[in-house]
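What follows is the content of target.pdb, which has PDB, C-alpha atoms:
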ATOM      1  CA  MET W   1      78.518  65.262  39.097  1.00  0.00           C
ATOM      2  CA  TYR W   2      74.852  65.364  39.949  1.00  0.00           C
ATOM      3  CA  ARG W   3      73.807  65.151  43.575  1.00  0.00           C
ATOM      4  CA  HIS W   4      70.340  63.560  43.293  1.00  0.00           C
ATOM      5  CA  PHE W   5      69.409  60.437  41.374  1.00  0.00           C
ATOM      6  CA  ILE W   6      66.146  58.558  40.950  1.00  0.00           C
ATOM      7  CA  VAL W   7      66.070  54.784  40.687  1.00  0.00           C
ATOM      8  CA  LYS W   8      64.429  53.504  37.497  1.00  0.00           C
ATOM      9  CA  GLU W   9      64.764  49.758  38.182  1.00  0.00           C
ATOM     10  CA  THR W  10      64.668  47.831  41.441  1.00  0.00           C
ATOM     11  CA  PHE W  11      67.965  46.172  42.327  1.00  0.00           C
ATOM     12  CA  LYS W  12      69.969  44.898  45.295  1.00  0.00           C
ATOM     13  CA  HIS W  13      73.227  46.561  46.261  1.00  0.00           C
ATOM     14  CA  ARG W  14      75.871  44.766  48.300  1.00  0.00           C
ATOM     15  CA  LYS W  15      76.717  47.297  51.011  1.00  0.00           C
ATOM     16  CA  GLU W  16      80.382  47.080  51.927  1.00  0.00           C
ATOM     17  CA  CYS W  17      81.753  47.289  55.414  1.00  0.00           C
ATOM     18  CA  PHE W  18      85.259  48.485  56.170  1.00  0.00           C
ATOM     19  CA  CYS W  19      85.578  46.424  59.347  1.00  0.00           C
ATOM     20  CA  PRO W  20      88.208  43.675  59.276  1.00  0.00           C
ATOM     21  CA  ASN W  21      85.593  40.882  59.356  1.00  0.00           C
ATOM     22  CA  GLN W  22      82.977  42.644  57.153  1.00  0.00           C
ATOM     23  CA  ALA W  23      80.479  42.405  60.051  1.00  0.00           C
ATOM     24  CA  HIS W  24      78.136  45.089  58.711  1.00  0.00           C
ATOM     25  CA  ALA W  25      78.107  44.056  55.056  1.00  0.00           C
ATOM     26  CA  HIS W  26      74.726  43.037  53.648  1.00  0.00           C
ATOM     27  CA  GLU W  27      72.449  43.536  50.647  1.00  0.00           C
ATOM     28  CA  VAL W  28      70.354  46.668  50.495  1.00  0.00           C
ATOM     29  CA  PRO W  29      67.203  46.524  48.355  1.00  0.00           C
ATOM     30  CA  ILE W  30      66.864  49.693  46.283  1.00  0.00           C
ATOM     31  CA  HIS W  31      63.434  50.083  44.728  1.00  0.00           C
ATOM     32  CA  GLU W  32      62.143  51.863  41.661  1.00  0.00           C
ATOM     33  CA  GLY W  33      61.282  55.437  42.597  1.00  0.00           C
ATOM     34  CA  ASP W  34      63.791  55.651  45.465  1.00  0.00           C
ATOM     35  CA  VAL W  35      65.872  58.818  45.573  1.00  0.00           C
ATOM     36  CA  ILE W  36      69.621  58.614  46.071  1.00  0.00           C
ATOM     37  CA  GLU W  37      71.325  61.744  47.380  1.00  0.00           C
ATOM     38  CA  ILE W  38      75.099  62.068  47.424  1.00  0.00           C
ATOM     39  CA  ILE W  39      76.216  63.612  50.706  1.00  0.00           C
ATOM     40  CA  ASN W  40      79.377  65.748  50.890  1.00  0.00           C
ATOM     41  CA  ASP W  41      81.288  63.029  52.725  1.00  0.00           C
ATOM     42  CA  ARG W  42      83.701  60.880  50.782  1.00  0.00           C
ATOM     43  CA  ARG W  43      86.530  58.573  51.686  1.00  0.00           C
ATOM     44  CA  TYR W  44      89.403  57.009  49.893  1.00  0.00           C
ATOM     45  CA  ILE W  45      90.017  53.385  50.818  1.00  0.00           C
ATOM     46  CA  VAL W  46      93.415  52.023  49.809  1.00  0.00           C
ATOM     47  CA  ASP W  47      93.098  49.309  47.119  1.00  0.00           C
ATOM     48  CA  LYS W  48      89.349  50.025  46.796  1.00  0.00           C
ATOM     49  CA  GLY W  49      89.093  53.641  45.623  1.00  0.00           C
ATOM     50  CA  TRP W  50      86.678  56.478  46.383  1.00  0.00           C
ATOM     51  CA  TYR W  51      83.461  55.989  48.354  1.00  0.00           C
ATOM     52  CA  PHE W  52      80.638  58.518  48.726  1.00  0.00           C
ATOM     53  CA  LEU W  53      78.184  58.667  51.577  1.00  0.00           C
ATOM     54  CA  ILE W  54      74.718  58.435  50.075  1.00  0.00           C
ATOM     55  CA  SER W  55      71.295  58.839  51.582  1.00  0.00           C
ATOM     56  CA  LEU W  56      68.512  56.588  50.341  1.00  0.00           C
ATOM     57  CA  ASN W  57      65.181  58.439  50.569  1.00  0.00           C
ATOM     58  CA  ASN W  58      66.687  60.489  53.404  1.00  0.00           C
ATOM     59  CA  LEU W  59      66.128  57.452  55.650  1.00  0.00           C
ATOM     60  CA  TYR W  60      69.162  55.203  55.281  1.00  0.00           C
ATOM     61  CA  ASP W  61      72.800  56.232  54.806  1.00  0.00           C
ATOM     62  CA  PHE W  62      75.712  54.113  53.590  1.00  0.00           C
ATOM     63  CA  TYR W  63      78.860  54.367  51.503  1.00  0.00           C
ATOM     64  CA  LEU W  64      78.779  53.567  47.791  1.00  0.00           C
ATOM     65  CA  SER W  65      81.900  53.346  45.665  1.00  0.00           C
ATOM     66  CA  LEU W  66      82.382  55.730  42.779  1.00  0.00           C
ATOM     67  CA  GLU W  67      82.849  52.708  40.520  1.00  0.00           C
ATOM     68  CA  GLU W  68      79.443  51.270  41.542  1.00  0.00           C
ATOM     69  CA  LEU W  69      77.739  54.646  41.174  1.00  0.00           C
ATOM     70  CA  GLU W  70      79.140  55.010  37.657  1.00  0.00           C
ATOM     71  CA  TYR W  71      78.100  51.429  36.836  1.00  0.00           C
ATOM     72  CA  TYR W  72      74.485  51.971  37.938  1.00  0.00           C
ATOM     73  CA  TYR W  73      74.364  55.257  36.026  1.00  0.00           C
ATOM     74  CA  ALA W  74      75.848  53.763  32.835  1.00  0.00           C
ATOM     75  CA  LYS W  75      73.371  50.865  32.976  1.00  0.00           C
ATOM     76  CA  GLY W  76      70.488  53.341  33.216  1.00  0.00           C
ATOM     77  CA  VAL W  77      69.356  51.950  36.574  1.00  0.00           C
ATOM     78  CA  ILE W  78      69.625  55.420  38.118  1.00  0.00           C
ATOM     79  CA  GLU W  79      69.121  58.790  36.429  1.00  0.00           C
ATOM     80  CA  SER W  80      69.748  62.407  37.332  1.00  0.00           C
ATOM     81  CA  ILE W  81      67.109  65.133  37.148  1.00  0.00           C
ATOM     82  CA  ALA W  82      68.614  66.300  33.845  1.00  0.00           C
ATOM     83  CA  ASP W  83      68.299  62.787  32.400  1.00  0.00           C
ATOM     84  CA  VAL W  84      64.639  62.597  33.389  1.00  0.00           C
ATOM     85  CA  GLU W  85      64.005  66.020  31.823  1.00  0.00           C
ATOM     86  CA  LEU W  86      65.661  64.888  28.588  1.00  0.00           C
ATOM     87  CA  SER W  87      63.535  61.726  28.598  1.00  0.00           C
ATOM     88  CA  LEU W  88      60.390  63.804  29.025  1.00  0.00           C
ATOM     89  CA  ASN W  89      61.379  66.014  26.077  1.00  0.00           C
ATOM     90  CA  TYR W  90      62.072  62.990  23.867  1.00  0.00           C
ATOM     91  CA  ILE W  91      58.833  61.260  24.861  1.00  0.00           C
ATOM     92  CA  GLN W  92      56.850  64.455  24.187  1.00  0.00           C
ATOM     93  CA  PHE W  93      58.484  64.610  20.739  1.00  0.00           C
ATOM     94  CA  LYS W  94      57.453  60.994  20.064  1.00  0.00           C
ATOM     95  CA  ILE W  95      53.884  61.742  21.211  1.00  0.00           C
ATOM     96  CA  ASP W  96      53.731  64.723  18.836  1.00  0.00           C
ATOM     97  CA  GLU W  97      55.157  62.595  16.034  1.00  0.00           C
ATOM     98  CA  ALA W  98      52.557  59.872  16.670  1.00  0.00           C
ATOM     99  CA  LEU W  99      49.804  62.499  16.541  1.00  0.00           C
ATOM    100  CA  ASP W 100      51.150  63.869  13.269  1.00  0.00           C
ATOM    101  CA  THR W 101      51.242  60.414  11.663  1.00  0.00           C
ATOM    102  CA  GLY W 102      48.009  59.211  13.267  1.00  0.00           C
ATOM    103  CA  ASP W 103      49.704  56.204  14.870  1.00  0.00           C
ATOM    104  CA  GLU W 104      47.361  55.383  17.757  1.00  0.00           C
ATOM    105  CA  GLU W 105      49.427  52.463  19.090  1.00  0.00           C
ATOM    106  CA  LEU W 106      52.611  54.552  19.308  1.00  0.00           C
ATOM    107  CA  PHE W 107      50.644  57.419  20.825  1.00  0.00           C
ATOM    108  CA  CYS W 108      49.281  55.177  23.603  1.00  0.00           C
ATOM    109  CA  HIS W 109      52.713  53.646  24.239  1.00  0.00           C
ATOM    110  CA  PHE W 110      54.515  56.975  24.586  1.00  0.00           C
ATOM    111  CA  THR W 111      51.663  58.553  26.552  1.00  0.00           C
ATOM    112  CA  GLN W 112      52.017  55.787  29.145  1.00  0.00           C
ATOM    113  CA  LYS W 113      55.818  56.264  29.219  1.00  0.00           C
ATOM    114  CA  TYR W 114      55.270  60.014  29.675  1.00  0.00           C
ATOM    115  CA  ILE W 115      52.961  59.426  32.653  1.00  0.00           C
ATOM    116  CA  GLU W 116      55.493  57.076  34.290  1.00  0.00           C
ATOM    117  CA  THR W 117      58.462  59.368  33.639  1.00  0.00           C
ATOM    118  CA  ARG W 118      56.555  62.447  34.833  1.00  0.00           C
ATOM    119  CA  ALA W 119      55.733  60.617  38.083  1.00  0.00           C
ATOM    120  CA  LEU W 120      59.459  59.976  38.611  1.00  0.00           C
ATOM    121  CA  MET W 121      60.202  63.639  37.919  1.00  0.00           C
ATOM    122  CA  LEU W 122      57.597  64.811  40.434  1.00  0.00           C
ATOM    123  CA  LYS W 123      58.978  62.432  43.040  1.00  0.00           C
ATOM    124  CA  ILE W 124      62.563  63.674  42.713  1.00  0.00           C
ATOM    125  CA  GLU W 125      61.452  67.328  42.561  1.00  0.00           C
ATOM    126  CA  ASN W 126      59.379  66.897  45.736  1.00  0.00           C
ATOM    127  CA  TYR W 127      62.311  65.213  47.453  1.00  0.00           C
ATOM    128  CA  VAL W 128      64.723  68.010  46.537  1.00  0.00           C
ATOM    129  CA  GLN W 129      62.262  70.668  47.751  1.00  0.00           C
ATOM    130  CA  LYS W 130      61.671  68.813  51.023  1.00  0.00           C
ATOM    131  CA  VAL W 131      65.405  68.402  51.682  1.00  0.00           C
ATOM    132  CA  ALA W 132      66.042  72.079  50.857  1.00  0.00           C
ATOM    133  CA  LEU W 133      63.687  73.146  53.656  1.00  0.00           C
TER     134      LEU W 133
END
Mind converting the file's structure to structure tokens?
Amino acid sequence: MYRHFIVKETFKHRKECFCPNQAHAHEVPIHEGDVIEIINDRRYIVDKGWYFLISLNNLYDFYLSLEELEYYYAKGVIESIADVELSLNYIQFKIDEALDTGDEELFCHFTQKYIETRALMLKIENYVQKVAL
């Protein structure tokens, strides 16, 4: 499993609390461009499954279930560094293809997507370098 993910779409996550009265449960807004890092702390909650401690932009920590993490990943809401690299390769291919065919509209569309995806890649790379120090 990857350790760092970048958020591609803004969404709200319902943070669970394991207290008997759910006193600390609330919605956490997670914005496009936020970096999610999985910390090496996990817990198994009976009848709920595995939960991983995650850090959001290295500022806010909370537990996220494995099921929710897989759901966000499958929906394409979050992506790993490898996914972003693959997207960049595909977009570059489409830009080259548009140049070969002379399709200006497709070229402009994929150039804009490349700029946006490259910005996400730089953000996650900078985050990983900063955390490594």
*Any chance you could resolve the PyMOL selection byres ((chain W and resi 125) around 12) against this file and give the residues as a list in words?*
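Applying the PyMOL selection byres ((chain W and resi 125) around 12) to the structure shown produces His4, Phe5, Ile6, Gly33, Val35, Ser80, Ile81, Ala82, Val84, Glu85, Arg118, Ala119, Leu120, Met121, Leu122, Lys123, Ile124, Asn126, Tyr127, Val128, Gln129, Lys130, Val131 and Ala132 of chain W.
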_One-decimal distance in Å that lies between atom CA of Ile36 of chain W and atom CA of Asn57 of chain W_ = 6.3 Å
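Put simply, atom CA of Gly76 of chain W is 18.5 Å away from atom CA of Val28 of chain W.
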*Between atom CA of Lys75 of chain W and atom CA of Lys12 of chain W, measure the distance and give it in Å to one decimal.*
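According to the coordinates, atom CA of Lys75 of chain W and atom CA of Lys12 of chain W are separated by 14.1 Å.
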Where does the PyMOL selection byres ((chain W and resi 89-95) around 12) land in this file, that is, which residues does it pick, as a CSV table (one decimal) with C-alpha atoms, in the frame of the given file?
chain,number,residue,atom,x,y,z
W,82,ALA,CA,68.6,66.3,33.8
W,83,ASP,CA,68.3,62.8,32.4
W,84,VAL,CA,64.6,62.6,33.4
W,85,GLU,CA,64.0,66.0,31.8
W,86,LEU,CA,65.7,64.9,28.6
W,87,SER,CA,63.5,61.7,28.6
W,88,LEU,CA,60.4,63.8,29.0
W,96,ASP,CA,53.7,64.7,18.8
W,97,GLU,CA,55.2,62.6,16.0
W,98,ALA,CA,52.6,59.9,16.7
W,99,LEU,CA,49.8,62.5,16.5
W,100,ASP,CA,51.2,63.9,13.3
W,101,THR,CA,51.2,60.4,11.7
W,102,GLY,CA,48.0,59.2,13.3
W,103,ASP,CA,49.7,56.2,14.9
W,104,GLU,CA,47.4,55.4,17.8
W,105,GLU,CA,49.4,52.5,19.1
W,106,LEU,CA,52.6,54.6,19.3
W,107,PHE,CA,50.6,57.4,20.8
W,108,CYS,CA,49.3,55.2,23.6
W,109,HIS,CA,52.7,53.6,24.2
W,110,PHE,CA,54.5,57.0,24.6
W,111,THR,CA,51.7,58.6,26.6
W,112,GLN,CA,52.0,55.8,29.1
W,113,LYS,CA,55.8,56.3,29.2
W,114,TYR,CA,55.3,60.0,29.7
W,115,ILE,CA,53.0,59.4,32.7
W,116,GLU,CA,55.5,57.1,34.3
W,117,THR,CA,58.5,59.4,33.6
W,118,ARG,CA,56.6,62.4,34.8
